[in-house]
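Pasted below: work-v5.cif, mmCIF, C-alpha atoms and all ligand atoms; chains and numbers go by the auth columns.
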data_structure
loop_
_atom_site.group_PDB
_atom_site.id
_atom_site.type_symbol
_atom_site.label_atom_id
_atom_site.label_comp_id
_atom_site.label_asym_id
_atom_site.label_seq_id
_atom_site.Cartn_x
_atom_site.Cartn_y
_atom_site.Cartn_z
_atom_site.B_iso_or_equiv
_atom_site.auth_seq_id
_atom_site.auth_asym_id
ATOM 1 C CA MET A 1 14.520 15.429 -9.284 0.00 1 A
ATOM 2 C CA ILE A 2 12.359 12.594 -10.583 0.00 2 A
ATOM 3 C CA ALA A 3 10.188 11.220 -7.776 0.00 3 A
ATOM 4 C CA THR A 4 7.684 9.179 -9.787 0.00 4 A
ATOM 5 C CA SER A 5 7.117 5.442 -10.075 0.00 5 A
ATOM 6 C CA ALA A 6 9.871 3.486 -11.820 0.00 6 A
ATOM 7 C CA ALA A 7 7.665 3.157 -14.913 0.00 7 A
ATOM 8 C CA GLY A 8 7.037 6.911 -14.841 0.00 8 A
ATOM 9 C CA ALA A 9 10.768 7.627 -14.673 0.00 9 A
ATOM 10 C CA ALA A 10 11.444 5.196 -17.524 0.00 10 A
ATOM 11 C CA ALA A 11 8.845 6.967 -19.677 0.00 11 A
ATOM 12 C CA LEU A 12 10.134 10.448 -18.817 0.00 12 A
ATOM 13 C CA LEU A 13 13.859 9.762 -19.150 0.00 13 A
ATOM 14 C CA GLY A 14 13.964 7.373 -22.106 0.00 14 A
ATOM 15 C CA GLU A 15 17.053 5.370 -22.933 0.00 15 A
ATOM 16 C CA PRO A 16 19.214 6.027 -19.816 0.00 16 A
ATOM 17 C CA ALA A 17 16.367 4.766 -17.621 0.00 17 A
ATOM 18 C CA ARG A 18 15.449 1.758 -19.770 0.00 18 A
ATOM 19 C CA PRO A 19 16.270 -0.793 -16.997 0.00 19 A
ATOM 20 C CA LEU A 20 13.508 0.739 -14.860 0.00 20 A
ATOM 21 C CA ARG A 21 10.938 -0.639 -17.295 0.00 21 A
ATOM 22 C CA ASP A 22 11.561 -4.044 -15.705 0.00 22 A
ATOM 23 C CA ALA A 23 10.851 -2.837 -12.163 0.00 23 A
ATOM 24 C CA GLU A 24 8.354 -5.078 -10.403 0.00 24 A
ATOM 25 C CA VAL A 25 5.323 -3.526 -8.707 0.00 25 A
ATOM 26 C CA LEU A 26 2.454 -4.934 -6.669 0.00 26 A
ATOM 27 C CA SER A 27 -1.110 -3.736 -6.255 0.00 27 A
ATOM 28 C CA SER A 28 -3.150 -3.177 -3.140 0.00 28 A
ATOM 29 C CA VAL A 29 -6.825 -2.904 -2.296 0.00 29 A
ATOM 30 C CA THR A 30 -7.972 -1.509 1.018 0.00 30 A
ATOM 31 C CA VAL A 31 -11.475 -1.749 2.437 0.00 31 A
ATOM 32 C CA SER A 32 -12.528 0.430 5.359 0.00 32 A
ATOM 33 C CA LEU A 33 -15.512 -0.917 7.279 0.00 33 A
ATOM 34 C CA ALA A 34 -17.638 0.921 9.845 0.00 34 A
ATOM 35 C CA TYR A 35 -19.571 -0.972 12.528 0.00 35 A
ATOM 36 C CA PRO A 36 -21.534 -0.130 15.642 0.00 36 A
ATOM 37 C CA ARG A 37 -19.042 -0.629 18.503 0.00 37 A
ATOM 38 C CA ALA A 38 -21.268 -3.313 20.047 0.00 38 A
ATOM 39 C CA ALA A 39 -21.113 -5.417 16.868 0.00 39 A
ATOM 40 C CA ILE A 40 -17.506 -6.439 17.563 0.00 40 A
ATOM 41 C CA GLU A 41 -16.946 -8.529 20.677 0.00 41 A
ATOM 42 C CA HIS A 42 -13.308 -7.652 21.113 0.00 42 A
ATOM 43 C CA PRO A 43 -11.670 -4.793 23.066 0.00 43 A
ATOM 44 C CA LEU A 44 -9.809 -3.639 19.902 0.00 44 A
ATOM 45 C CA ASP A 45 -7.037 -2.757 22.338 0.00 45 A
ATOM 46 C CA GLY A 46 -4.218 -2.714 19.809 0.00 46 A
ATOM 47 C CA THR A 47 -3.322 -1.188 16.473 0.00 47 A
ATOM 48 C CA GLY A 48 -4.584 -4.155 14.432 0.00 48 A
ATOM 49 C CA PHE A 49 -3.269 -7.504 13.250 0.00 49 A
ATOM 50 C CA ILE A 50 -1.444 -9.144 10.389 0.00 50 A
ATOM 51 C CA VAL A 51 -2.377 -12.507 8.914 0.00 51 A
ATOM 52 C CA ALA A 52 0.321 -15.177 8.791 0.00 52 A
ATOM 53 C CA ALA A 53 1.205 -16.079 5.201 0.00 53 A
ATOM 54 C CA ALA A 54 0.019 -19.668 5.609 0.00 54 A
ATOM 55 C CA HIS A 55 -3.441 -18.472 6.693 0.00 55 A
ATOM 56 C CA GLN A 56 -4.004 -15.769 4.098 0.00 56 A
ATOM 57 C CA ALA A 57 -7.047 -16.177 1.852 0.00 57 A
ATOM 58 C CA HIS A 58 -8.096 -13.946 -1.050 0.00 58 A
ATOM 59 C CA GLY A 59 -4.970 -11.871 -0.430 0.00 59 A
ATOM 60 C CA PHE A 60 -6.126 -10.609 2.998 0.00 60 A
ATOM 61 C CA ARG A 61 -2.930 -9.602 4.773 0.00 61 A
ATOM 62 C CA ALA A 62 -3.635 -7.156 7.557 0.00 62 A
ATOM 63 C CA CYS A 63 -6.187 -5.063 9.395 0.00 63 A
ATOM 64 C CA THR A 64 -5.771 -1.712 11.132 0.00 64 A
ATOM 65 C CA PHE A 65 -8.040 -0.816 14.034 0.00 65 A
ATOM 66 C CA THR A 66 -8.406 2.709 12.696 0.00 66 A
ATOM 67 C CA THR A 67 -10.409 4.114 15.574 0.00 67 A
ATOM 68 C CA SER A 68 -8.004 2.611 18.122 0.00 68 A
ATOM 69 C CA LYS A 69 -5.040 4.282 16.402 0.00 69 A
ATOM 70 C CA PHE A 70 -6.481 7.689 15.550 0.00 70 A
ATOM 71 C CA ALA A 71 -8.930 9.998 17.331 0.00 71 A
ATOM 72 C CA GLY A 72 -11.938 11.368 15.504 0.00 72 A
ATOM 73 C CA ARG A 73 -12.187 8.740 12.763 0.00 73 A
ATOM 74 C CA ALA A 74 -15.730 7.670 13.608 0.00 74 A
ATOM 75 C CA PRO A 75 -18.732 9.072 15.507 0.00 75 A
ATOM 76 C CA ALA A 76 -19.190 7.990 19.125 0.00 76 A
ATOM 77 C CA GLY A 77 -20.411 4.424 19.397 0.00 77 A
ATOM 78 C CA ARG A 78 -18.941 3.410 16.040 0.00 78 A
ATOM 79 C CA VAL A 79 -15.636 1.800 15.044 0.00 79 A
ATOM 80 C CA ALA A 80 -13.713 1.824 11.776 0.00 80 A
ATOM 81 C CA LEU A 81 -11.385 -0.947 10.610 0.00 81 A
ATOM 82 C CA ARG A 82 -9.218 -0.921 7.479 0.00 82 A
ATOM 83 C CA LEU A 83 -8.413 -4.207 5.759 0.00 83 A
ATOM 84 C CA PHE A 84 -5.463 -4.612 3.378 0.00 84 A
ATOM 85 C CA PHE A 85 -5.565 -7.036 0.440 0.00 85 A
ATOM 86 C CA ARG A 86 -2.903 -8.018 -2.084 0.00 86 A
ATOM 87 C CA PRO A 87 -5.265 -8.732 -5.002 0.00 87 A
ATOM 88 C CA GLU A 88 -4.868 -11.175 -7.847 0.00 88 A
ATOM 89 C CA PRO A 89 -4.691 -9.093 -11.061 0.00 89 A
ATOM 90 C CA ALA A 90 -7.965 -10.626 -12.295 0.00 90 A
ATOM 91 C CA ASP A 91 -9.739 -9.704 -9.035 0.00 91 A
ATOM 92 C CA LEU A 92 -8.435 -6.152 -9.248 0.00 92 A
ATOM 93 C CA GLU A 93 -10.065 -5.869 -12.678 0.00 93 A
ATOM 94 C CA ALA A 94 -13.248 -7.781 -12.043 0.00 94 A
ATOM 95 C CA LEU A 95 -14.471 -7.255 -8.477 0.00 95 A
ATOM 96 C CA ASP A 96 -16.746 -4.297 -7.819 0.00 96 A
ATOM 97 C CA ASP A 97 -17.029 -2.461 -4.506 0.00 97 A
ATOM 98 C CA ALA A 98 -19.827 -4.735 -3.267 0.00 98 A
ATOM 99 C CA ALA A 99 -17.717 -7.836 -3.930 0.00 99 A
ATOM 100 C CA TRP A 100 -14.689 -6.371 -2.142 0.00 100 A
ATOM 101 C CA THR A 101 -16.882 -5.337 0.773 0.00 101 A
ATOM 102 C CA ALA A 102 -18.338 -8.845 1.070 0.00 102 A
ATOM 103 C CA ARG A 103 -14.825 -10.303 0.900 0.00 103 A
ATOM 104 C CA ALA A 104 -13.649 -7.890 3.601 0.00 104 A
ATOM 105 C CA GLU A 105 -16.566 -8.701 5.910 0.00 105 A
ATOM 106 C CA ALA A 106 -15.971 -12.437 5.517 0.00 106 A
ATOM 107 C CA SER A 107 -12.207 -12.028 6.029 0.00 107 A
ATOM 108 C CA LEU A 108 -12.722 -10.019 9.203 0.00 108 A
ATOM 109 C CA ALA A 109 -15.230 -12.523 10.571 0.00 109 A
ATOM 110 C CA ARG A 110 -12.590 -15.270 10.314 0.00 110 A
ATOM 111 C CA VAL A 111 -10.524 -13.398 12.899 0.00 111 A
ATOM 112 C CA LEU A 112 -12.842 -11.281 15.049 0.00 112 A
ATOM 113 C CA PRO A 113 -16.293 -12.073 16.439 0.00 113 A
ATOM 114 C CA VAL A 114 -18.394 -9.657 14.374 0.00 114 A
ATOM 115 C CA ARG A 115 -22.216 -9.487 14.455 0.00 115 A
ATOM 116 C CA GLY A 116 -23.972 -8.413 11.280 0.00 116 A
ATOM 117 C CA ALA A 117 -22.876 -6.499 8.205 0.00 117 A
ATOM 118 C CA ALA A 118 -20.823 -3.320 8.150 0.00 118 A
ATOM 119 C CA GLU A 119 -22.886 -0.138 8.276 0.00 119 A
ATOM 120 C CA ARG A 120 -20.680 1.517 5.669 0.00 120 A
ATOM 121 C CA ALA A 121 -17.723 0.508 3.517 0.00 121 A
ATOM 122 C CA TRP A 122 -15.138 2.328 1.408 0.00 122 A
ATOM 123 C CA VAL A 123 -13.026 0.491 -1.177 0.00 123 A
ATOM 124 C CA SER A 124 -9.738 1.953 -2.465 0.00 124 A
ATOM 125 C CA ARG A 125 -7.817 0.370 -5.340 0.00 125 A
ATOM 126 C CA TRP A 126 -4.079 0.977 -5.661 0.00 126 A
ATOM 127 C CA PRO A 127 -2.993 -0.669 -8.940 0.00 127 A
ATOM 128 C CA SER A 128 0.767 -1.153 -9.369 0.00 128 A
ATOM 129 C CA ALA A 129 1.368 1.188 -6.432 0.00 129 A
ATOM 130 C CA LEU A 130 3.884 -0.783 -4.384 0.00 130 A
ATOM 131 C CA PRO A 131 7.490 -0.942 -5.603 0.00 131 A
ATOM 132 C CA VAL A 132 9.247 -4.223 -4.894 0.00 132 A
ATOM 133 C CA SER A 133 12.707 -3.674 -3.425 0.00 133 A
ATOM 134 C CA THR A 134 15.019 -6.531 -4.388 0.00 134 A
ATOM 135 C CA PRO A 135 18.768 -6.738 -4.947 0.00 135 A
ATOM 136 C CA ALA A 136 18.011 -6.871 -8.688 0.00 136 A
ATOM 137 C CA HIS A 137 16.035 -3.644 -8.439 0.00 137 A
ATOM 138 C CA ALA A 138 18.768 -1.940 -6.419 0.00 138 A
ATOM 139 C CA ALA A 139 21.234 -2.939 -9.160 0.00 139 A
ATOM 140 C CA ARG A 140 18.877 -1.497 -11.802 0.00 140 A
ATOM 141 C CA VAL A 141 18.673 1.801 -9.931 0.00 141 A
ATOM 142 C CA ARG A 142 22.469 1.955 -9.552 0.00 142 A
ATOM 143 C CA GLU A 143 22.846 1.344 -13.288 0.00 143 A
ATOM 144 C CA VAL A 144 20.393 4.129 -14.150 0.00 144 A
ATOM 145 C CA GLU A 145 21.946 6.555 -11.655 0.00 145 A
ATOM 146 C CA GLN A 146 25.346 5.893 -13.217 0.00 146 A
ATOM 147 C CA ALA A 147 23.885 6.550 -16.684 0.00 147 A
ATOM 148 C CA LEU A 148 22.384 9.830 -15.404 0.00 148 A
ATOM 149 C CA ALA A 149 25.547 10.975 -13.600 0.00 149 A
ATOM 150 C CA GLY A 150 26.483 14.509 -14.585 0.00 150 A
ATOM 151 C CA SER A 151 23.126 15.150 -16.301 0.00 151 A
ATOM 152 C CA GLY A 152 21.703 17.064 -13.332 0.00 152 A
ATOM 153 C CA VAL A 153 18.799 14.606 -13.170 0.00 153 A
ATOM 154 C CA LEU A 154 18.434 12.772 -9.844 0.00 154 A
ATOM 155 C CA LEU A 155 16.056 10.021 -8.721 0.00 155 A
ATOM 156 C CA ALA A 156 14.246 10.139 -5.380 0.00 156 A
ATOM 157 C CA GLY A 157 11.517 8.241 -3.599 0.00 157 A
ATOM 158 C CA SER A 158 10.402 4.777 -2.729 0.00 158 A
ATOM 159 C CA ALA A 159 10.413 3.534 -6.313 0.00 159 A
ATOM 160 C CA PHE A 160 14.199 3.786 -6.244 0.00 160 A
ATOM 161 C CA HIS A 161 15.523 3.828 -2.697 0.00 161 A
ATOM 162 C CA GLY A 162 13.388 1.532 -0.529 0.00 162 A
ATOM 163 C CA SER A 163 9.731 1.012 0.343 0.00 163 A
ATOM 164 C CA GLY A 164 7.665 3.036 2.770 0.00 164 A
ATOM 165 C CA ILE A 165 7.273 6.657 3.780 0.00 165 A
ATOM 166 C CA ASP A 166 10.385 6.613 5.969 0.00 166 A
ATOM 167 C CA ALA A 167 12.562 5.471 3.065 0.00 167 A
ATOM 168 C CA ALA A 168 10.920 8.008 0.744 0.00 168 A
ATOM 169 C CA VAL A 169 11.678 10.841 3.177 0.00 169 A
ATOM 170 C CA ARG A 170 15.293 9.708 3.668 0.00 170 A
ATOM 171 C CA SER A 171 15.712 9.493 -0.096 0.00 171 A
ATOM 172 C CA ALA A 172 14.207 12.978 -0.592 0.00 172 A
ATOM 173 C CA GLU A 173 16.497 14.504 2.028 0.00 173 A
ATOM 174 C CA ALA A 174 19.585 12.853 0.559 0.00 174 A
ATOM 175 C CA THR A 175 18.604 13.963 -2.941 0.00 175 A
ATOM 176 C CA ALA A 176 17.954 17.537 -1.798 0.00 176 A
ATOM 177 C CA GLU A 177 21.464 17.608 -0.311 0.00 177 A
ATOM 178 C CA ARG A 178 22.913 16.372 -3.597 0.00 178 A
ATOM 179 C CA ILE A 179 20.993 19.093 -5.479 0.00 179 A
ATOM 180 C CA GLY A 180 22.385 21.677 -3.076 0.00 180 A
ATOM 181 C CA ALA A 181 25.867 20.419 -3.866 0.00 181 A
ATOM 182 C CA LEU A 182 25.438 20.575 -7.675 0.00 182 A
HETATM 183 C C1 LIG B . -2.614 1.263 0.415 0.00 201 A
HETATM 184 C C2 LIG B . -1.229 1.675 0.825 0.00 201 A
HETATM 185 C C3 LIG B . -0.937 1.796 2.175 0.00 201 A
HETATM 186 C C4 LIG B . 0.356 2.166 2.577 0.00 201 A
HETATM 187 N N1 LIG B . 0.611 2.281 3.913 0.00 201 A
HETATM 188 C C5 LIG B . 1.844 2.660 4.303 0.00 201 A
HETATM 189 C C6 LIG B . 2.156 2.806 5.682 0.00 201 A
HETATM 190 O O1 LIG B . 1.315 2.597 6.556 0.00 201 A
HETATM 191 N N2 LIG B . 3.418 3.182 6.026 0.00 201 A
HETATM 192 C C7 LIG B . 4.386 3.431 5.094 0.00 201 A
HETATM 193 O O2 LIG B . 5.537 3.764 5.447 0.00 201 A
HETATM 194 N N3 LIG B . 4.121 3.312 3.774 0.00 201 A
HETATM 195 C C8 LIG B . 2.878 2.936 3.354 0.00 201 A
HETATM 196 N N4 LIG B . 2.612 2.805 2.028 0.00 201 A
HETATM 197 C C9 LIG B . 3.681 3.099 1.061 0.00 201 A
HETATM 198 C C10 LIG B . 3.823 4.599 0.891 0.00 201 A
HETATM 199 O O3 LIG B . 2.577 5.137 0.466 0.00 201 A
HETATM 200 C C11 LIG B . 4.886 4.870 -0.164 0.00 201 A
HETATM 201 O O4 LIG B . 6.103 4.231 0.214 0.00 201 A
HETATM 202 C C12 LIG B . 5.123 6.369 -0.302 0.00 201 A
HETATM 203 O O5 LIG B . 3.938 7.044 -0.661 0.00 201 A
HETATM 204 C C13 LIG B . 6.160 6.590 -1.359 0.00 201 A
HETATM 205 O O6 LIG B . 6.289 7.974 -1.569 0.00 201 A
HETATM 206 P P1 LIG B . 6.913 8.493 -2.886 0.00 201 A
HETATM 207 O O7 LIG B . 6.833 9.989 -2.823 0.00 201 A
HETATM 208 O O8 LIG B . 8.247 7.853 -3.098 0.00 201 A
HETATM 209 O O9 LIG B . 5.981 7.917 -4.074 0.00 201 A
HETATM 210 P P2 LIG B . 4.429 8.132 -4.331 0.00 201 A
HETATM 211 O O10 LIG B . 3.702 8.565 -3.101 0.00 201 A
HETATM 212 O O11 LIG B . 3.983 6.891 -5.053 0.00 201 A
HETATM 213 O O12 LIG B . 4.430 9.369 -5.331 0.00 201 A
HETATM 214 C C14 LIG B . 4.832 9.249 -6.667 0.00 201 A
HETATM 215 C C15 LIG B . 4.070 10.328 -7.423 0.00 201 A
HETATM 216 O O13 LIG B . 4.546 10.406 -8.771 0.00 201 A
HETATM 217 C C16 LIG B . 3.446 10.756 -9.568 0.00 201 A
HETATM 218 N N5 LIG B . 3.797 10.466 -10.969 0.00 201 A
HETATM 219 C C17 LIG B . 3.945 9.257 -11.569 0.00 201 A
HETATM 220 N N6 LIG B . 4.288 9.436 -12.872 0.00 201 A
HETATM 221 C C18 LIG B . 4.382 10.772 -13.064 0.00 201 A
HETATM 222 C C19 LIG B . 4.737 11.592 -14.186 0.00 201 A
HETATM 223 N N7 LIG B . 5.047 11.058 -15.377 0.00 201 A
HETATM 224 N N8 LIG B . 4.742 12.935 -14.028 0.00 201 A
HETATM 225 C C20 LIG B . 4.445 13.494 -12.826 0.00 201 A
HETATM 226 N N9 LIG B . 4.104 12.772 -11.736 0.00 201 A
HETATM 227 C C21 LIG B . 4.079 11.432 -11.854 0.00 201 A
HETATM 228 C C22 LIG B . 2.323 9.914 -9.008 0.00 201 A
HETATM 229 O O14 LIG B . 1.080 10.450 -9.395 0.00 201 A
HETATM 230 C C23 LIG B . 2.571 10.047 -7.510 0.00 201 A
HETATM 231 O O15 LIG B . 1.890 11.159 -6.964 0.00 201 A
HETATM 232 C C24 LIG B . 1.343 2.442 1.593 0.00 201 A
HETATM 233 C C25 LIG B . 1.037 2.326 0.246 0.00 201 A
HETATM 234 C C26 LIG B . -0.241 1.945 -0.148 0.00 201 A
HETATM 235 C C27 LIG B . -0.550 1.850 -1.624 0.00 201 A
#
Take the structure in the file and write it out as structure tokens.
Amino acid sequence: MIATSAAGAAALLGEPARPLRDAEVLSSVTVSLAYPRAAIEHPLDGTGFIVAAAHQAHGFRACTFTTSKFAGRAPAGRVALRLFFRPEPADLEALDDAAWTARAEASLARVLPVRGAAERAWVSRWPSALPVSTPAHAARVREVEQALAGSGVLLAGSAFHGSGIDAAVRSAEATAERIGAL
């Protein structure tokens, strides 16, 4: 069972998986910010927000109210928020943690009334981590699976069978059943 990225599978499997070399992927940057609770004049009574495409700037797409969703993510009197960016390739290369943190603080302030700078920040870069599921990609995967038929090699995971953890789990379960039937 190959459960890597599409590029990883193409490198491991060689010629039969050649079409996977053309698989499109996107990158992500997340910035987690910690503030004193009193610094944000909003009840944070939800799971977060997404930014409408027409209003996105610098790739800022969404924000999770981490401490509203999960217990124990910050000390009492503090809140944690996680911002999601879809970076331009040049920004992914060039911007350091301080620049991403400043961008995150400014992006958040466009939406929520925030007083002052974040007390702490954590930047995570996820280059080429998000597979793009398109009809063309599904056709590529079908072609490769046909080329691998009978070899005993099976593909699983979100790089092949749909984005997100739920799709990855469904794909893993289906692939495990096929292995059991080999
Ligand atoms: C920032 C971010 C936030 C996300 N948030 C959510 C969310 O809230 N909900 C949700 O449903 N999904 C979310 N996703 C997507 C989710 O993480 C993926 O859909 C899921 O992890 C896919 O699981 P997977 O096992 O298919 O692939 P992955 O988790 O990508 O695992 C593939 C593994 O293959 C390994 N690998 C690659 N090449 C090789 C090789 N040659 N040999 C051996 N190993 C190799 C990699 O190191 C990696 O560990 C998020 C993704 C990112 C980047």
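Relative to CA of Ser107 (chain A), CA of Pro89 (chain A) is found at 18.9 Å.
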Output, as JSON, the centre and edge lengths in Å (one decimal) of the axis-aligned box that contains all listed atoms of region 81-86 of chain A with 6 Å of margin on each side.
{"center_x": -7.1, "center_y": -4.5, "center_z": 4.3, "size_x": 20.5, "size_y": 19.1, "size_z": 24.7}
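Once the PyMOL selection byres (((not hetatm)) within 6 of (chain A and resi 201)) is applied to the depicted file, the selected set reads Ala3, Thr4, Ser5, Gly8, Ser28, Trp126, Ala129, Leu130, Gly157, Ser158, Ala159, Ser163, Gly164, Ile165, Asp166 and Ala168 of chain A.
When CA of Pro135 (chain A) is paired with CA of Ala23 (chain A), their separation reads 11.4 Å.
One finds CA of Tyr35 (chain A) at 5.5 Å from CA of Glu119 (chain A).
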#### Entry: Residue among A:Ser27, A:Ser32, A:Thr175, A:Gln146 lying closest to Trp122 (chain A), counting all atoms listed in the file
A:Ser32
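Between Leu13 (chain A) and the residues A:Glu105, A:Glu145, A:Glu41, A:Asp91, the shortest atom-to-atom distance, using only C-alpha atoms, involves A:Glu145.
Proximity ranking of A:Leu44, A:Ala17, A:Val114, A:Ala7 relative to Val141 (chain A) places A:Ala17 first, based on all atoms listed in the file.
Proximity to Phe160 (chain A) was assessed for A:Leu182, A:Ile2, A:Ala102, A:Val79 counting all atoms listed in the file; the smallest distance is recorded for A:Ile2.
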### Query
If we count only C-alpha atoms, what is near Glu24 (chain A) at a cut-off of 9 Å, once residues fewer than 6 positions away on the same chain are taken out, given as a list in words?
Ala6, Ser128, Leu130, Pro131, Val132, Ser133 and His137 of chain A
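Selection around (18.0, 3.0, -14.7) with radius 8 Å, counting all atoms listed in the file, yields the residues Ala10, Pro16, Ala17, Arg18, Pro19, Leu20, Arg140, Val141, Arg142, Glu143, Val144, Glu145 and Ala147 of chain A.
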### Summary
With distances taken over all atoms listed in the file, the candidate from A:Arg82, A:Arg115, A:Lys69, A:Arg125 nearest Asp97 (chain A) is A:Arg125
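Here the question is which of A:Gly72, A:Gly14, A:Pro87, A:Pro43 gets nearest to Ser124 (chain A) using all atoms listed in the file, and that residue is A:Pro87.
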### Message
Given the point (-4.2, 0.4, 11.9) in the coordinates of this file, which residues lie within 8 Å, counting only C-alpha atoms, and how would they look as a PyMOL selection string?
### Response
chain A and resi 47-48+63-66+68-69+81-82
Exercise: Arg61 (chain A) partners within 8 Å, only C-alpha atoms, chain neighbours under 2 positions left out, as a short mmCIF file (atom, residue, chain, number, x, y, z; two decimals) with C-alpha atoms, keeping the file's coordinate frame:
data_model
loop_
_atom_site.label_atom_id
_atom_site.label_comp_id
_atom_site.auth_asym_id
_atom_site.auth_seq_id
_atom_site.Cartn_x
_atom_site.Cartn_y
_atom_site.Cartn_z
CA ILE A 50 -1.44 -9.14 10.39
CA VAL A 51 -2.38 -12.51 8.91
CA ALA A 52 0.32 -15.18 8.79
CA ALA A 53 1.20 -16.08 5.20
CA GLN A 56 -4.00 -15.77 4.10
CA GLY A 59 -4.97 -11.87 -0.43
CA CYS A 63 -6.19 -5.06 9.40
CA LEU A 83 -8.41 -4.21 5.76
CA PHE A 84 -5.46 -4.61 3.38
CA PHE A 85 -5.56 -7.04 0.44
CA ARG A 86 -2.90 -8.02 -2.08
#
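Every residue that the PyMOL selection byres (((chain A and resi 120) around 7) and not hetatm) selects in this file is listed here: Leu33, Ala34, Ala118, Glu119 and Ala121 of chain A.
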Can you rebuild region 38-52 of chain A with N, CA and C atoms and give it as a short mmCIF file (atom, residue, chain, number, x, y, z; two decimals), in the frame of the given file?
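Output file out-v3.cif follows:
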data_model
loop_
_atom_site.label_atom_id
_atom_site.label_comp_id
_atom_site.auth_asym_id
_atom_site.auth_seq_id
_atom_site.Cartn_x
_atom_site.Cartn_y
_atom_site.Cartn_z
N ALA A 38 -20.78 -2.09 19.39
CA ALA A 38 -21.27 -3.31 20.05
C ALA A 38 -21.26 -4.53 19.10
N ALA A 39 -21.07 -4.29 17.82
CA ALA A 39 -21.11 -5.42 16.87
C ALA A 39 -19.84 -6.25 16.90
N ILE A 40 -18.78 -5.71 17.54
CA ILE A 40 -17.51 -6.44 17.56
C ILE A 40 -17.16 -6.79 19.01
N GLU A 41 -17.19 -8.09 19.29
CA GLU A 41 -16.95 -8.53 20.68
C GLU A 41 -15.46 -8.73 20.91
N HIS A 42 -14.76 -7.64 20.88
CA HIS A 42 -13.31 -7.65 21.11
C HIS A 42 -12.95 -6.26 21.61
N PRO A 43 -12.00 -6.13 22.55
CA PRO A 43 -11.67 -4.79 23.07
C PRO A 43 -10.99 -3.88 22.03
N LEU A 44 -10.53 -4.43 20.92
CA LEU A 44 -9.81 -3.64 19.90
C LEU A 44 -8.70 -2.81 20.57
N ASP A 45 -8.05 -3.45 21.53
CA ASP A 45 -7.04 -2.76 22.34
C ASP A 45 -5.64 -2.96 21.74
N GLY A 46 -5.51 -2.63 20.49
CA GLY A 46 -4.22 -2.71 19.81
C GLY A 46 -4.29 -1.86 18.56
N THR A 47 -3.30 -1.98 17.71
CA THR A 47 -3.32 -1.19 16.47
C THR A 47 -3.89 -1.99 15.31
N GLY A 48 -4.05 -3.32 15.50
CA GLY A 48 -4.58 -4.16 14.43
C GLY A 48 -3.91 -5.50 14.45
N PHE A 49 -3.94 -6.20 13.32
CA PHE A 49 -3.27 -7.50 13.25
C PHE A 49 -2.81 -7.76 11.83
N ILE A 50 -1.83 -8.65 11.71
CA ILE A 50 -1.44 -9.14 10.39
C ILE A 50 -1.79 -10.63 10.32
N VAL A 51 -1.99 -11.12 9.11
CA VAL A 51 -2.38 -12.51 8.91
C VAL A 51 -1.15 -13.29 8.45
N ALA A 52 -0.84 -14.37 9.17
CA ALA A 52 0.32 -15.18 8.79
C ALA A 52 0.15 -15.69 7.36
#
